[in-house]
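Okay, so here's the structure we're looking at.
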Amino acid sequence: NAGVTQTPKFQVLKTGQSMTLQCAQDMNHEYMSWYRQDPGMGLRLIHYSVGAGITDQGEVPNGYNVSRSTTEDFPLRLLSAAPSQTSVYFCASSYDSDYGYTFGSGTRLTVV
Amino acid sequence: SQQGEEDPQALSIQEGENATMNCSYKTSINNLQWYRQNSGRGLVHLILIRSNEREKHSGRLRVTLDTSKKSSSLLITASRAADTASYFCASGARDDKIIFGKGTRLHILP
């Protein structure tokens, strides 16, 4: 099992560019979430999904879109990158909300 | 606003001592989870305690939950250098969101 795989590991974007952060898991987990981690802020929930075809907003959803067409994949799209979106992004998955999450290794994004 | 808030923000103790971290949350939960993050790495799940449980053990970890005070504590006994990391609590809310706090940075001194 590969667990939770995030790509890319590092990315530099120019303001206004768009991109997709990829997240894939091979554990047949229903629950998947995206978090961003900024210094001194802990992890903040961007979007989450409780199963294929179902997504919902977290604490800081503005500027991000998600979709969940398959159980395995949960991509995060930045529509028009802004410097405030410079952060480390983590994807996580779980069987359901009563189990602990398995985290990916993160994507470090810099918007200039 | 974030559900979980850890206390203290940073903690330094001697190797072999016990480390205690506290977490408070704001609304009703299904469970309370604790995670560890080593510098520059992803988070690793340590332990989950459900809302109907009061105490749980896993190796050198002991977690308590007091739903009347909306608080939890993580105790690491006989600390080791390898325990140096950031520790986060996360509250599993009834709307399926898992919300994290800001974390406690633990430093084990040799």
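Scheme for the structure tokens: letters A, B, ... for chains in order shown; per-chain residue numbers from 1; ligand numbers from 1 in order shown.
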
How close does each residue of chain A get to chain B, giving the shortest atom pair and distance in Å to one decimal for every residue with an atom at most 8 Å away, counting only C-alpha atoms, sorted by chain and residue number, as CSV?
residue,atom,partner,partner_atom,distance
A:Gly40,CA,B:Lys102,CA,6.5
A:Met41,CA,B:Lys102,CA,5.3
A:Gly42,CA,B:Lys102,CA,3.7
A:Leu43,CA,B:Phe100,CA,5.7
A:Arg44,CA,B:Phe100,CA,6.7
A:Leu45,CA,B:Ile99,CA,6.6
A:Tyr48,CA,B:Lys97,CA,7.5
A:Val50,CA,B:Asp96,CA,7.7
A:Gly58,CA,B:Lys97,CA,7.3
A:Glu59,CA,B:Ser1,CA,7.4
A:Phe90,CA,B:Gly42,CA,7.3
A:Ser97,CA,B:Asp96,CA,5.7
A:Asp98,CA,B:Asn31,CA,6.8
A:Tyr99,CA,B:Leu48,CA,7.3
A:Gly100,CA,B:His45,CA,5.9
A:Tyr101,CA,B:His45,CA,6.4
A:Thr102,CA,B:Val44,CA,6.9
A:Phe103,CA,B:Leu43,CA,5.9
A:Gly104,CA,B:Gly42,CA,6.1
A:Ser105,CA,B:Gly42,CA,4.7
A:Gly106,CA,B:Gly42,CA,6.3

Worksheet entry | Contacts of Asn62 (chain A) at 9 Å (only C-alpha atoms; same-chain gap of 3+ positions) as a ChimeraX atom specification | /A:46,57,65

Fill in: Residue with smallest distance to Met27 (chain A) - pool A:Gln85, A:Thr5, A:Ser67, A:Thr110, counting only C-alpha atoms
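Of the candidates, the smallest distance to Met27 (chain A) is held by A:Thr5.
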
Discussion item. Would you pick out the contacts of Glu30 (chain A) at 7 Å or less, using only C-alpha atoms, so that residues sharing its chain but fewer than 2 positions from it are not included, and give the list as a ChimeraX atom specification?
Written reply: /A:28,32,50-51,71,94-96
